Structure formats: structure tokens, C-alpha cells
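Participant: Data: data18.pdb, PDB, C-alpha atoms.
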ATOM      1  CA  MET Q   1     169.085 160.571  70.039
ATOM      2  CA  ALA Q   2     169.039 161.080  66.281
ATOM      3  CA  LEU Q   3     168.490 164.766  65.669
ATOM      4  CA  PRO Q   4     168.261 165.802  62.016
ATOM      5  CA  ILE Q   5     169.644 169.263  61.296
ATOM      6  CA  ARG Q   6     167.852 170.815  58.318
ATOM      7  CA  ALA Q   7     167.675 174.384  59.598
ATOM      8  CA  GLN Q   8     170.570 176.795  59.905
ATOM      9  CA  ILE Q   9     171.711 177.125  63.522
ATOM     10  CA  VAL Q  10     173.101 180.202  65.314
ATOM     11  CA  ASP Q  11     174.676 179.999  68.771
ATOM     12  CA  ILE Q  12     173.178 182.867  70.786
ATOM     13  CA  ARG Q  13     175.974 182.616  73.345
ATOM     14  CA  SER Q  14     178.356 184.211  70.854
ATOM     15  CA  ASP Q  15     176.029 185.915  68.358
ATOM     16  CA  SER Q  16     175.382 189.653  68.319
ATOM     17  CA  PRO Q  17     171.838 190.492  67.175
ATOM     18  CA  LYS Q  18     171.442 193.121  64.464
ATOM     19  CA  ASP Q  19     168.851 195.820  64.010
ATOM     20  CA  THR Q  20     167.787 194.130  60.757
ATOM     21  CA  ASP Q  21     166.953 190.828  62.475
ATOM     22  CA  CYS Q  22     163.335 189.649  62.676
ATOM     23  CA  PHE Q  23     162.699 186.959  65.306
ATOM     24  CA  LEU Q  24     159.687 184.837  66.152
ATOM     25  CA  VAL Q  25     160.244 183.976  69.815
ATOM     26  CA  ASP Q  26     159.292 180.519  71.082
ATOM     27  CA  THR Q  27     157.144 180.391  74.212
ATOM     28  CA  ASN Q  28     159.746 179.057  76.635
ATOM     29  CA  ALA Q  29     162.088 181.934  75.831
ATOM     30  CA  TRP Q  30     159.358 184.412  76.766
ATOM     31  CA  TYR Q  31     158.646 182.350  79.899
ATOM     32  CA  TRP Q  32     162.286 182.406  81.027
ATOM     33  CA  LEU Q  33     162.498 186.135  80.356
ATOM     34  CA  TYR Q  34     159.367 187.315  82.164
ATOM     35  CA  TYR Q  35     158.180 184.647  84.610
ATOM     36  CA  SER Q  36     160.245 185.490  87.685
ATOM     37  CA  ARG Q  37     159.349 182.306  89.603
ATOM     38  CA  ALA Q  38     160.537 179.872  86.914
ATOM     39  CA  SER Q  39     163.573 178.885  88.996
ATOM     40  CA  GLN Q  40     161.348 178.014  91.981
ATOM     41  CA  THR Q  41     159.466 175.165  90.321
ATOM     42  CA  PRO Q  42     160.290 171.585  91.410
ATOM     43  CA  CYS Q  43     161.448 170.870  87.846
ATOM     44  CA  ALA Q  44     163.219 174.170  87.328
ATOM     45  CA  PRO Q  45     164.752 175.151  83.973
ATOM     46  CA  GLN Q  46     168.463 174.619  83.547
ATOM     47  CA  SER Q  47     170.699 177.531  84.455
ATOM     48  CA  TYR Q  48     171.736 178.182  80.839
ATOM     49  CA  GLN Q  49     168.069 178.539  79.870
ATOM     50  CA  LEU Q  50     167.463 181.122  82.565
ATOM     51  CA  THR Q  51     170.630 182.981  81.590
ATOM     52  CA  HIS Q  52     171.250 182.903  77.852
ATOM     53  CA  TYR Q  53     167.734 183.375  76.474
ATOM     54  CA  PRO Q  54     166.767 186.405  78.589
ATOM     55  CA  SER Q  55     170.194 187.914  77.890
ATOM     56  CA  TYR Q  56     169.894 187.429  74.133
ATOM     57  CA  ILE Q  57     166.353 188.793  73.940
ATOM     58  CA  GLN Q  58     167.386 191.823  75.977
ATOM     59  CA  ARG Q  59     170.211 192.417  73.495
ATOM     60  CA  THR Q  60     167.771 192.193  70.584
ATOM     61  CA  ILE Q  61     165.615 194.816  72.276
ATOM     62  CA  LYS Q  62     168.624 197.060  72.838
ATOM     63  CA  VAL Q  63     169.630 197.023  69.152
ATOM     64  CA  LYS Q  64     165.973 197.468  68.100
ATOM     65  CA  ALA Q  65     165.666 194.164  66.258
ATOM     66  CA  SER Q  66     162.090 193.125  65.428
ATOM     67  CA  LEU Q  67     160.520 190.608  67.807
ATOM     68  CA  TYR Q  68     157.270 188.770  67.121
ATOM     69  CA  CYS Q  69     154.810 186.726  69.132
ATOM     70  CA  CYS Q  70     151.489 185.072  68.284
ATOM     71  CA  ALA Q  71     148.361 183.710  69.955
ATOM     72  CA  LEU Q  72     150.018 180.297  70.258
ATOM     73  CA  ASN Q  73     152.546 181.895  72.617
ATOM     74  CA  PHE Q  74     149.769 183.151  74.858
ATOM     75  CA  SER Q  75     148.006 179.801  75.183
ATOM     76  CA  GLU Q  76     151.220 177.966  76.042
ATOM     77  CA  LEU Q  77     152.446 180.705  78.393
ATOM     78  CA  ALA Q  78     149.147 180.598  80.287
ATOM     79  CA  HIS Q  79     149.382 176.816  80.569
ATOM     80  CA  ASN Q  80     153.021 176.866  81.693
ATOM     81  CA  ILE Q  81     152.527 179.606  84.295
ATOM     82  CA  GLU Q  82     149.454 177.940  85.780
ATOM     83  CA  LYS Q  83     151.302 174.607  85.948
ATOM     84  CA  ALA Q  84     154.340 176.229  87.571
ATOM     85  CA  GLU Q  85     152.244 178.058  90.173
ATOM     86  CA  ARG Q  86     150.366 174.855  91.020
ATOM     87  CA  GLU Q  87     153.624 172.934  91.452
ATOM     88  CA  ILE Q  88     155.150 175.651  93.641
ATOM     89  CA  TYR Q  89     152.029 175.891  95.809
ATOM     90  CA  ALA Q  90     151.645 172.107  96.127
ATOM     91  CA  ASP Q  91     155.326 171.688  96.977
ATOM     92  CA  ILE Q  92     155.154 174.298  99.770
ATOM     93  CA  ALA Q  93     151.869 172.842 101.095
ATOM     94  CA  ASN Q  94     153.236 169.297 100.771
ATOM     95  CA  LYS Q  95     150.089 168.237  98.913
ATOM     96  CA  THR Q  96     149.196 166.550  95.658
ATOM     97  CA  ILE Q  97     146.919 168.936  93.751
ATOM     98  CA  ASN Q  98     145.738 168.247  90.226
ATOM     99  CA  SER Q  99     145.204 171.035  87.731
ATOM    100  CA  LYS Q 100     141.385 171.126  87.864
ATOM    101  CA  GLU Q 101     141.341 171.049  91.665
ATOM    102  CA  PHE Q 102     143.832 173.915  91.779
ATOM    103  CA  ARG Q 103     141.791 175.879  89.263
ATOM    104  CA  HIS Q 104     138.454 175.502  91.060
ATOM    105  CA  CYS Q 105     139.237 175.069  94.765
ATOM    106  CA  TYR Q 106     141.878 177.744  95.366
ATOM    107  CA  PRO Q 107     140.239 181.046  94.321
ATOM    108  CA  ASN Q 108     142.927 183.289  95.810
ATOM    109  CA  GLN Q 109     145.629 181.461  93.919
ATOM    110  CA  ARG Q 110     143.499 181.539  90.776
ATOM    111  CA  ARG Q 111     143.207 185.334  90.957
ATOM    112  CA  LYS Q 112     146.971 185.660  91.382
ATOM    113  CA  ILE Q 113     147.630 183.374  88.401
ATOM    114  CA  VAL Q 114     145.231 185.228  86.103
ATOM    115  CA  ALA Q 115     146.825 188.546  87.101
ATOM    116  CA  ALA Q 116     150.339 187.164  86.551
ATOM    117  CA  ILE Q 117     149.458 185.801  83.110
ATOM    118  CA  LYS Q 118     147.885 189.132  82.121
ATOM    119  CA  ASP Q 119     150.933 191.097  83.321
ATOM    120  CA  ILE Q 120     153.433 188.795  81.603
ATOM    121  CA  TRP Q 121     151.509 188.912  78.327
ATOM    122  CA  GLU Q 122     151.528 192.715  78.519
ATOM    123  CA  ASP Q 123     155.306 192.515  79.007
ATOM    124  CA  VAL Q 124     155.580 190.369  75.872
ATOM    125  CA  LEU Q 125     153.462 192.787  73.847
ATOM    126  CA  SER Q 126     155.498 195.747  75.103
ATOM    127  CA  VAL Q 127     158.596 194.509  73.224
ATOM    128  CA  SER Q 128     157.121 192.516  70.328
ATOM    129  CA  SER Q 129     154.530 192.695  67.577
ATOM    130  CA  MET Q 130     151.753 190.126  67.505
ATOM    131  CA  LEU Q 131     151.354 188.195  64.271
ATOM    132  CA  ASP Q 132     147.872 187.619  62.932
ATOM    133  CA  ILE Q 133     147.325 183.921  62.290
ATOM    134  CA  ASP Q 134     144.167 182.272  61.048
ATOM    135  CA  LEU Q 135     143.969 178.638  62.131
ATOM    136  CA  ASN Q 136     141.596 177.810  59.313
ATOM    137  CA  ALA Q 137     141.443 174.808  57.000
ATOM    138  CA  SER Q 138     143.961 176.317  54.583
ATOM    139  CA  PHE Q 139     146.525 176.871  57.362
ATOM    140  CA  ILE Q 140     146.059 173.367  58.759
ATOM    141  CA  ASN Q 141     146.304 171.766  55.320
ATOM    142  CA  SER Q 142     149.543 173.632  54.663
ATOM    143  CA  ALA Q 143     150.885 172.539  58.060
ATOM    144  CA  LEU Q 144     149.860 168.945  57.342
ATOM    145  CA  SER Q 145     151.820 169.080  54.082
ATOM    146  CA  LEU Q 146     154.918 170.046  56.094
ATOM    147  CA  PHE Q 147     154.302 167.510  58.886
ATOM    148  CA  PRO Q 148     155.680 164.312  57.217
ATOM    149  CA  SER Q 149     159.059 165.921  56.487
ATOM    150  CA  VAL Q 150     159.816 167.367  59.947
ATOM    151  CA  GLU Q 151     160.137 165.978  63.474
ATOM    152  CA  VAL Q 152     158.012 168.339  65.579
ATOM    153  CA  ASP Q 153     154.851 168.003  67.661
ATOM    154  CA  GLY Q 154     151.555 169.600  66.650
ATOM    155  CA  TYR Q 155     152.136 172.825  68.573
ATOM    156  CA  ASP Q 156     155.633 173.357  67.130
ATOM    157  CA  LEU Q 157     154.282 172.472  63.685
ATOM    158  CA  PHE Q 158     151.884 175.418  63.907
ATOM    159  CA  MET Q 159     154.690 177.716  65.091
ATOM    160  CA  ALA Q 160     156.954 176.603  62.241
ATOM    161  CA  GLU Q 161     154.150 177.017  59.714
ATOM    162  CA  THR Q 162     153.462 180.503  61.083
ATOM    163  CA  ALA Q 163     157.109 181.466  60.667
ATOM    164  CA  LEU Q 164     157.241 180.147  57.103
ATOM    165  CA  GLN Q 165     153.948 181.774  56.053
ATOM    166  CA  GLN Q 166     154.893 185.115  57.607
ATOM    167  CA  SER Q 167     158.398 185.003  56.066
ATOM    168  CA  ILE Q 168     160.018 185.323  59.495
ATOM    169  CA  ALA Q 169     162.729 182.743  59.117
ATOM    170  CA  GLN Q 170     164.527 183.388  62.438
ATOM    171  CA  ILE Q 171     163.232 181.638  65.577
ATOM    172  CA  ILE Q 172     164.668 182.010  69.082
ATOM    173  CA  THR Q 173     164.157 178.636  70.752
ATOM    174  CA  ASP Q 174     165.764 175.979  72.928
ATOM    175  CA  ASP Q 175     163.663 173.246  71.329
ATOM    176  CA  GLY Q 176     165.871 171.050  69.158
ATOM    177  CA  ASP Q 177     162.890 169.748  67.188
ATOM    178  CA  TYR Q 178     162.800 173.007  65.224
ATOM    179  CA  ALA Q 179     166.206 172.112  63.808
ATOM    180  CA  SER Q 180     164.421 169.531  61.639
ATOM    181  CA  VAL Q 181     162.529 172.249  59.740
ATOM    182  CA  PRO Q 182     164.214 173.404  56.517
ATOM    183  CA  GLY Q 183     164.065 177.039  55.450
ATOM    184  CA  ILE Q 184     164.406 178.574  58.921
ATOM    185  CA  THR Q 185     167.297 179.678  61.139
ATOM    186  CA  ILE Q 186     167.297 178.626  64.783
ATOM    187  CA  PHE Q 187     168.906 180.922  67.361
ATOM    188  CA  THR Q 188     169.668 178.709  70.341
ATOM    189  CA  ALA Q 189     171.902 177.895  73.302
ATOM    190  CA  ASN Q 190     171.010 174.189  73.128
ATOM    191  CA  GLU Q 191     174.436 172.543  73.223
ATOM    192  CA  GLN Q 192     173.315 169.293  71.581
ATOM    193  CA  VAL Q 193     171.789 171.159  68.644
ATOM    194  CA  ILE Q 194     174.873 173.384  68.291
ATOM    195  CA  GLN Q 195     177.254 170.416  68.306
ATOM    196  CA  LYS Q 196     175.219 168.516  65.712
ATOM    197  CA  ALA Q 197     174.958 171.627  63.556
ATOM    198  CA  GLN Q 198     178.725 172.068  63.728
ATOM    199  CA  ALA Q 199     179.254 168.455  62.668
ATOM    200  CA  SER Q 200     176.809 168.731  59.773
ATOM    201  CA  GLY Q 201     177.997 172.109  58.477
ATOM    202  CA  LYS Q 202     174.785 173.887  59.512
ATOM    203  CA  LEU Q 203     176.257 176.151  62.195
ATOM    204  CA  LEU Q 204     176.074 179.728  60.982
ATOM    205  CA  HIS Q 205     178.569 182.323  62.191
ATOM    206  CA  ARG Q 206     177.368 185.846  61.484
TER
END
What's the C-alpha cells form of this structure?
Facilitator:
Amino acid sequence: MALPIRAQIVDIRSDSPKDTDCFLVDTNAWYWLYYSRASQTPCAPQSYQLTHYPSYIQRTIKVKASLYCCALNFSELAHNIEKAEREIYADIANKTINSKEFRHCYPNQRRKIVAAIKDIWEDVLSVSSMLDIDLNASFINSALSLFPSVEVDGYDLFMAETALQQSIAQIITDDGDYASVPGITIFTANEQVIQKAQASGKLLHR
């Protein structure tokens, strides 16, 4: 897979966060840190994802680095947790359950999911500051101007645009697509991204 490296890349497996760092944290990193049942899903995250990202974020908290989240994190976290809980429940029950059926026909599970999402979001807010973003025409037009020059989906485009507009150039993420965005620094344990960054002179050692 051709993966353009336009961002600076930092390997979180060997990096030591500093108290002056300011990180926007991608949704999956929050998910791996706070959703305790992530490893129980049929398509569970890889072991390095469940290990390195929680460990790095915990180290950023310890040194009092600045962590940031935004409303986009909440919407994706809620989606991911609901999906994971549905897959776990369906796997145990040996049933095929679609998302709308699970949402409307299993009220006890629904209450548990809503409570879990609320608790996890409170955990996120307990260690990070929430950025104010206005998804208005001006924001979307600015994002659309960036879109042709980067290889990200619409959701990641909004996250990248948020980081650039808020002057928070450091993003903790496993998603290699962010490496295509110039002007930011990706903090990752994604081996493919790290290797390509090393080959292209974009791997930053701090």
C-alpha cells in the first residue's frame, strides 16, 4: 500500500512525553484506554494497540502534558462502544443482530450501553480539555480546501482540520492516513507508518 508521509512521525514506543506537549487524541486511542471490553470483541484490537496507546497516554497524564478531545471523539466513541457491545452480545447468544434491532429490542442492554458511554466520556473529560469546534460553512470550506491534498476520510479530515485550526499540531493516533497531512506530528505505534517515516526521513527522535 502506498502511504505518503507528509507529517512528522514520533514512535510512542520509545518517546518520553514532555510537560510542554499538547496532544489531540484520536478516538481509537481513547477507546483502547477506557473501554475495558475492547479485547472481548470478535474483531479485537491488536495487542500493541491495547498496550502502547494506553501506556503512552498514561505517561502524558503523569508528566502533566496537555490532552485534548472534541465532540467528534464522542460521536465515534459512542458508535464504537455500541458496535462492540452488540458484537459481544450477539457472539455469546450465537445470534445475528443488526444495529437497529439491538438498539430497539434489547432495552436492558441499551441502558448498559448508554451508561458505559456516559462513564467513558466522563473519564475522557477527567484527563483532557474539550476543544470548541463549530462545524459551520467556514469550517467545512476550509476542510474541503485541504481534502484534495491529503489521503483521509471525511471524519479524519475534520479531526485534522480541527488540529490545524486550533494550532495543536500533535496527534496521538494509530491511523496511518493522518501521516498524509502536512504540518502535524503523528505520535504512533503503527509499525508500517514508522518504517515508512524512517525511510523518508520523517521519523522524529525527540
Participant: May I ask which of the residues Q:Tyr89, Q:Tyr56, Q:Phe158, Q:Phe23 is the closest one to Q:Met130, counting all atoms listed in the file?
Facilitator: Q:Phe23
Participant: Near stretch 182-185 of chain Q, counting only C-alpha atoms, which residues have an atom at most 8 Å away, once you skip same-chain residues fewer than 4 positions from it, shown as a PyMOL selection string?
Facilitator: chain Q and resi 6-10+164+169-171
Participant: If you keep C-alpha atoms, can you produce a file of those selected residues as a PDB file, in the frame of the given file?
Facilitator:
ATOM      1  CA  ARG Q   6     167.852 170.815  58.318  1.00  0.00           C
ATOM      2  CA  ALA Q   7     167.675 174.384  59.598  1.00  0.00           C
ATOM      3  CA  GLN Q   8     170.570 176.795  59.905  1.00  0.00           C
ATOM      4  CA  ILE Q   9     171.711 177.125  63.522  1.00  0.00           C
ATOM      5  CA  VAL Q  10     173.101 180.202  65.314  1.00  0.00           C
ATOM      6  CA  LEU Q 164     157.241 180.147  57.103  1.00  0.00           C
ATOM      7  CA  ALA Q 169     162.729 182.743  59.117  1.00  0.00           C
ATOM      8  CA  GLN Q 170     164.527 183.388  62.438  1.00  0.00           C
ATOM      9  CA  ILE Q 171     163.232 181.638  65.577  1.00  0.00           C
TER      10      ILE Q 171
END
Participant: Using all atoms listed in the file, find each residue of stretch 3-54 of chain Q with at least one atom at most 10 Å away from an atom of stretch 65-83 of chain Q; report its shortest atom-to-atom pair and that distance in Å (one decimal), sort the rows by chain and rising residue number, and return the result as JSON lines.
Facilitator:
{"residue": "Q:Pro17", "atom": "CA", "partner": "Q:Ala65", "partner_atom": "CA", "distance": 7.2}
{"residue": "Q:Lys18", "atom": "CA", "partner": "Q:Ala65", "partner_atom": "CA", "distance": 6.1}
{"residue": "Q:Asp19", "atom": "CA", "partner": "Q:Ala65", "partner_atom": "CA", "distance": 4.2}
{"residue": "Q:Thr20", "atom": "CA", "partner": "Q:Ala65", "partner_atom": "CA", "distance": 5.9}
{"residue": "Q:Asp21", "atom": "CA", "partner": "Q:Ala65", "partner_atom": "CA", "distance": 5.2}
{"residue": "Q:Cys22", "atom": "CA", "partner": "Q:Ser66", "partner_atom": "CA", "distance": 4.6}
{"residue": "Q:Phe23", "atom": "CA", "partner": "Q:Leu67", "partner_atom": "CA", "distance": 4.9}
{"residue": "Q:Leu24", "atom": "CA", "partner": "Q:Tyr68", "partner_atom": "CA", "distance": 4.7}
{"residue": "Q:Val25", "atom": "CA", "partner": "Q:Cys69", "partner_atom": "CA", "distance": 6.1}
{"residue": "Q:Asp26", "atom": "CA", "partner": "Q:Asn73", "partner_atom": "CA", "distance": 7.1}
{"residue": "Q:Thr27", "atom": "CA", "partner": "Q:Asn73", "partner_atom": "CA", "distance": 5.1}
{"residue": "Q:Asn28", "atom": "CA", "partner": "Q:Leu77", "partner_atom": "CA", "distance": 7.7}
{"residue": "Q:Trp30", "atom": "CA", "partner": "Q:Leu77", "partner_atom": "CA", "distance": 8.0}
{"residue": "Q:Tyr31", "atom": "CA", "partner": "Q:Leu77", "partner_atom": "CA", "distance": 6.6}
{"residue": "Q:Tyr35", "atom": "CA", "partner": "Q:Ile81", "partner_atom": "CA", "distance": 7.6}
{"residue": "Q:Arg37", "atom": "CA", "partner": "Q:Ile81", "partner_atom": "CA", "distance": 9.1}
{"residue": "Q:Ala38", "atom": "CA", "partner": "Q:Ile81", "partner_atom": "CA", "distance": 8.4}
{"residue": "Q:Thr41", "atom": "CA", "partner": "Q:Lys83", "partner_atom": "CA", "distance": 9.3}
Participant: Work out how far atom CA of Q:Pro54 is from atom CA of Q:Asp175, in Å to one decimal.
Facilitator: 15.3 Å
Participant: Atom CA of Q:Ile57 and atom CA of Q:Asp11 are how many Å apart?
Facilitator: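 Interatomic distance, atom CA of Q:Ile57 to atom CA of Q:Asp11: 13.2 Å.
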Participant: Would you mind telling me which residue in Q:Trp32, Q:Arg86, Q:Ser149, Q:Ile172 lies nearest to Q:His104 when using only C-alpha atoms?
Facilitator: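 Smallest distance to Q:His104 is found for Q:Arg86.
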Participant: Identify all residues satisfying the PyMOL selection byres ((chain Q and resi 151-156) around 8) in the given file; provide them as number ranges by chain.
Facilitator: Q: 72, 147-150, 157-160, 177-178, 180-181
Participant: If you measure from atom CA of Q:Ile5 to atom CA of Q:Ala179, what distance in Å do you get, rounded to one decimal?
Facilitator: 5.1 Å
Participant: To test your reading of the syntax: which residues would the PyMOL selection byres ((chain Q and resi 16) around 9) return for the file shown? Reply as a PDB file with C-alpha atoms, in the frame of the given file.
Facilitator:
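Final file, out37.pdb:
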ATOM      1  CA  ILE Q  12     173.178 182.867  70.786  1.00  0.00           C
ATOM      2  CA  ARG Q  13     175.974 182.616  73.345  1.00  0.00           C
ATOM      3  CA  SER Q  14     178.356 184.211  70.854  1.00  0.00           C
ATOM      4  CA  ASP Q  15     176.029 185.915  68.358  1.00  0.00           C
ATOM      5  CA  PRO Q  17     171.838 190.492  67.175  1.00  0.00           C
ATOM      6  CA  LYS Q  18     171.442 193.121  64.464  1.00  0.00           C
ATOM      7  CA  TYR Q  56     169.894 187.429  74.133  1.00  0.00           C
ATOM      8  CA  ARG Q  59     170.211 192.417  73.495  1.00  0.00           C
ATOM      9  CA  THR Q  60     167.771 192.193  70.584  1.00  0.00           C
ATOM     10  CA  ARG Q 206     177.368 185.846  61.484  1.00  0.00           C
TER      11      ARG Q 206
END
Participant: Using all atoms listed in the file, find the one residue out of Q:Ala90, Q:Leu131, Q:Ala2, Q:Leu50 that sits nearest to Q:Gln165.
Facilitator: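 Once distances to Q:Gln165 are computed over all atoms listed in the file, the minimum belongs to Q:Leu131.
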Participant: Output the residue selection produced by the PyMOL selection byres ((chain Q and resi 188) around 6) on the file above, formatted as a count of residues only.
Facilitator: 7
Participant: Which of these residues is nearest to Q:Tyr106, using only C-alpha atoms: Q:Asp123, Q:Glu191, Q:Glu85, Q:Glu161?
Facilitator: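 Checking each candidate against Q:Tyr106, we get Q:Glu85 as the closest.
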Participant: Some atoms are missing, so please complete stretch 160-184 of chain Q with N, CA, C and O atoms and return it as a PDB file, keeping the file's coordinate frame.
Facilitator:
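Wrote selection_31.pdb, looks like this:
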ATOM      1  N   ALA Q 160     156.085 176.634  63.414  1.00  0.00           N
ATOM      2  CA  ALA Q 160     156.954 176.603  62.241  1.00  0.00           C
ATOM      3  C   ALA Q 160     156.202 177.067  61.001  1.00  0.00           C
ATOM      4  O   ALA Q 160     156.725 177.845  60.187  1.00  0.00           O
ATOM      5  N   GLU Q 161     154.971 176.611  60.859  1.00  0.00           N
ATOM      6  CA  GLU Q 161     154.150 177.017  59.714  1.00  0.00           C
ATOM      7  C   GLU Q 161     153.884 178.515  59.753  1.00  0.00           C
ATOM      8  O   GLU Q 161     153.926 179.195  58.716  1.00  0.00           O
ATOM      9  N   THR Q 162     153.657 179.052  60.933  1.00  0.00           N
ATOM     10  CA  THR Q 162     153.462 180.503  61.083  1.00  0.00           C
ATOM     11  C   THR Q 162     154.696 181.261  60.622  1.00  0.00           C
ATOM     12  O   THR Q 162     154.595 182.241  59.871  1.00  0.00           O
ATOM     13  N   ALA Q 163     155.862 180.806  61.064  1.00  0.00           N
ATOM     14  CA  ALA Q 163     157.109 181.466  60.667  1.00  0.00           C
ATOM     15  C   ALA Q 163     157.291 181.435  59.159  1.00  0.00           C
ATOM     16  O   ALA Q 163     157.645 182.448  58.534  1.00  0.00           O
ATOM     17  N   LEU Q 164     157.045 180.285  58.547  1.00  0.00           N
ATOM     18  CA  LEU Q 164     157.241 180.147  57.103  1.00  0.00           C
ATOM     19  C   LEU Q 164     156.230 180.998  56.329  1.00  0.00           C
ATOM     20  O   LEU Q 164     156.590 181.655  55.354  1.00  0.00           O
ATOM     21  N   GLN Q 165     154.970 180.994  56.766  1.00  0.00           N
ATOM     22  CA  GLN Q 165     153.948 181.774  56.053  1.00  0.00           C
ATOM     23  C   GLN Q 165     154.168 183.272  56.194  1.00  0.00           C
ATOM     24  O   GLN Q 165     153.861 184.041  55.287  1.00  0.00           O
ATOM     25  N   GLN Q 166     154.691 183.693  57.354  1.00  0.00           N
ATOM     26  CA  GLN Q 166     154.893 185.115  57.607  1.00  0.00           C
ATOM     27  C   GLN Q 166     156.269 185.597  57.140  1.00  0.00           C
ATOM     28  O   GLN Q 166     156.615 186.765  57.324  1.00  0.00           O
ATOM     29  N   SER Q 167     157.046 184.691  56.558  1.00  0.00           N
ATOM     30  CA  SER Q 167     158.398 185.003  56.066  1.00  0.00           C
ATOM     31  C   SER Q 167     159.287 185.555  57.172  1.00  0.00           C
ATOM     32  O   SER Q 167     160.096 186.467  56.954  1.00  0.00           O
ATOM     33  N   ILE Q 168     159.131 185.007  58.366  1.00  0.00           N
ATOM     34  CA  ILE Q 168     160.018 185.323  59.495  1.00  0.00           C
ATOM     35  C   ILE Q 168     160.830 184.058  59.766  1.00  0.00           C
ATOM     36  O   ILE Q 168     160.402 183.167  60.488  1.00  0.00           O
ATOM     37  N   ALA Q 169     161.979 183.998  59.151  1.00  0.00           N
ATOM     38  CA  ALA Q 169     162.729 182.743  59.117  1.00  0.00           C
ATOM     39  C   ALA Q 169     163.602 182.525  60.343  1.00  0.00           C
ATOM     40  O   ALA Q 169     164.230 181.477  60.478  1.00  0.00           O
ATOM     41  N   GLN Q 170     163.664 183.490  61.257  1.00  0.00           N
ATOM     42  CA  GLN Q 170     164.527 183.388  62.438  1.00  0.00           C
ATOM     43  C   GLN Q 170     163.670 183.106  63.673  1.00  0.00           C
ATOM     44  O   GLN Q 170     162.744 183.864  63.972  1.00  0.00           O
ATOM     45  N   ILE Q 171     163.990 182.020  64.389  1.00  0.00           N
ATOM     46  CA  ILE Q 171     163.232 181.638  65.577  1.00  0.00           C
ATOM     47  C   ILE Q 171     164.196 181.486  66.752  1.00  0.00           C
ATOM     48  O   ILE Q 171     165.195 180.766  66.656  1.00  0.00           O
ATOM     49  N   ILE Q 172     163.902 182.175  67.842  1.00  0.00           N
ATOM     50  CA  ILE Q 172     164.668 182.010  69.082  1.00  0.00           C
ATOM     51  C   ILE Q 172     164.017 180.885  69.874  1.00  0.00           C
ATOM     52  O   ILE Q 172     162.861 181.002  70.302  1.00  0.00           O
ATOM     53  N   THR Q 173     164.736 179.791  70.077  1.00  0.00           N
ATOM     54  CA  THR Q 173     164.157 178.636  70.752  1.00  0.00           C
ATOM     55  C   THR Q 173     165.243 177.735  71.315  1.00  0.00           C
ATOM     56  O   THR Q 173     166.352 177.663  70.785  1.00  0.00           O
ATOM     57  N   ASP Q 174     164.897 177.018  72.373  1.00  0.00           N
ATOM     58  CA  ASP Q 174     165.764 175.979  72.928  1.00  0.00           C
ATOM     59  C   ASP Q 174     165.354 174.598  72.439  1.00  0.00           C
ATOM     60  O   ASP Q 174     166.024 173.612  72.715  1.00  0.00           O
ATOM     61  N   ASP Q 175     164.247 174.525  71.746  1.00  0.00           N
ATOM     62  CA  ASP Q 175     163.663 173.246  71.329  1.00  0.00           C
ATOM     63  C   ASP Q 175     164.378 172.722  70.078  1.00  0.00           C
ATOM     64  O   ASP Q 175     164.246 173.278  68.992  1.00  0.00           O
ATOM     65  N   GLY Q 176     165.102 171.615  70.267  1.00  0.00           N
ATOM     66  CA  GLY Q 176     165.871 171.050  69.158  1.00  0.00           C
ATOM     67  C   GLY Q 176     165.021 170.526  68.023  1.00  0.00           C
ATOM     68  O   GLY Q 176     165.522 170.368  66.900  1.00  0.00           O
ATOM     69  N   ASP Q 177     163.743 170.258  68.262  1.00  0.00           N
ATOM     70  CA  ASP Q 177     162.890 169.748  67.188  1.00  0.00           C
ATOM     71  C   ASP Q 177     162.807 170.716  66.018  1.00  0.00           C
ATOM     72  O   ASP Q 177     162.684 170.307  64.855  1.00  0.00           O
ATOM     73  N   TYR Q 178     162.878 172.020  66.307  1.00  0.00           N
ATOM     74  CA  TYR Q 178     162.800 173.007  65.224  1.00  0.00           C
ATOM     75  C   TYR Q 178     163.965 172.876  64.248  1.00  0.00           C
ATOM     76  O   TYR Q 178     163.870 173.322  63.100  1.00  0.00           O
ATOM     77  N   ALA Q 179     165.055 172.288  64.697  1.00  0.00           N
ATOM     78  CA  ALA Q 179     166.206 172.112  63.808  1.00  0.00           C
ATOM     79  C   ALA Q 179     165.892 171.191  62.635  1.00  0.00           C
ATOM     80  O   ALA Q 179     166.626 171.171  61.647  1.00  0.00           O
ATOM     81  N   SER Q 180     164.801 170.441  62.729  1.00  0.00           N
ATOM     82  CA  SER Q 180     164.421 169.531  61.639  1.00  0.00           C
ATOM     83  C   SER Q 180     163.644 170.232  60.532  1.00  0.00           C
ATOM     84  O   SER Q 180     163.313 169.613  59.520  1.00  0.00           O
ATOM     85  N   VAL Q 181     163.351 171.524  60.707  1.00  0.00           N
ATOM     86  CA  VAL Q 181     162.529 172.249  59.740  1.00  0.00           C
ATOM     87  C   VAL Q 181     163.422 173.008  58.762  1.00  0.00           C
ATOM     88  O   VAL Q 181     164.147 173.932  59.157  1.00  0.00           O
ATOM     89  N   PRO Q 182     163.390 172.666  57.477  1.00  0.00           N
ATOM     90  CA  PRO Q 182     164.214 173.404  56.517  1.00  0.00           C
ATOM     91  C   PRO Q 182     163.642 174.792  56.250  1.00  0.00           C
ATOM     92  O   PRO Q 182     162.450 175.036  56.430  1.00  0.00           O
ATOM     93  N   GLY Q 183     164.520 175.710  55.845  1.00  0.00           N
ATOM     94  CA  GLY Q 183     164.065 177.039  55.450  1.00  0.00           C
ATOM     95  C   GLY Q 183     163.997 178.040  56.581  1.00  0.00           C
ATOM     96  O   GLY Q 183     163.581 179.182  56.363  1.00  0.00           O
ATOM     97  N   ILE Q 184     164.393 177.632  57.802  1.00  0.00           N
ATOM     98  CA  ILE Q 184     164.406 178.574  58.921  1.00  0.00           C
ATOM     99  C   ILE Q 184     165.796 178.583  59.556  1.00  0.00           C
ATOM    100  O   ILE Q 184     166.620 177.704  59.295  1.00  0.00           O
TER     101      ILE Q 184
END
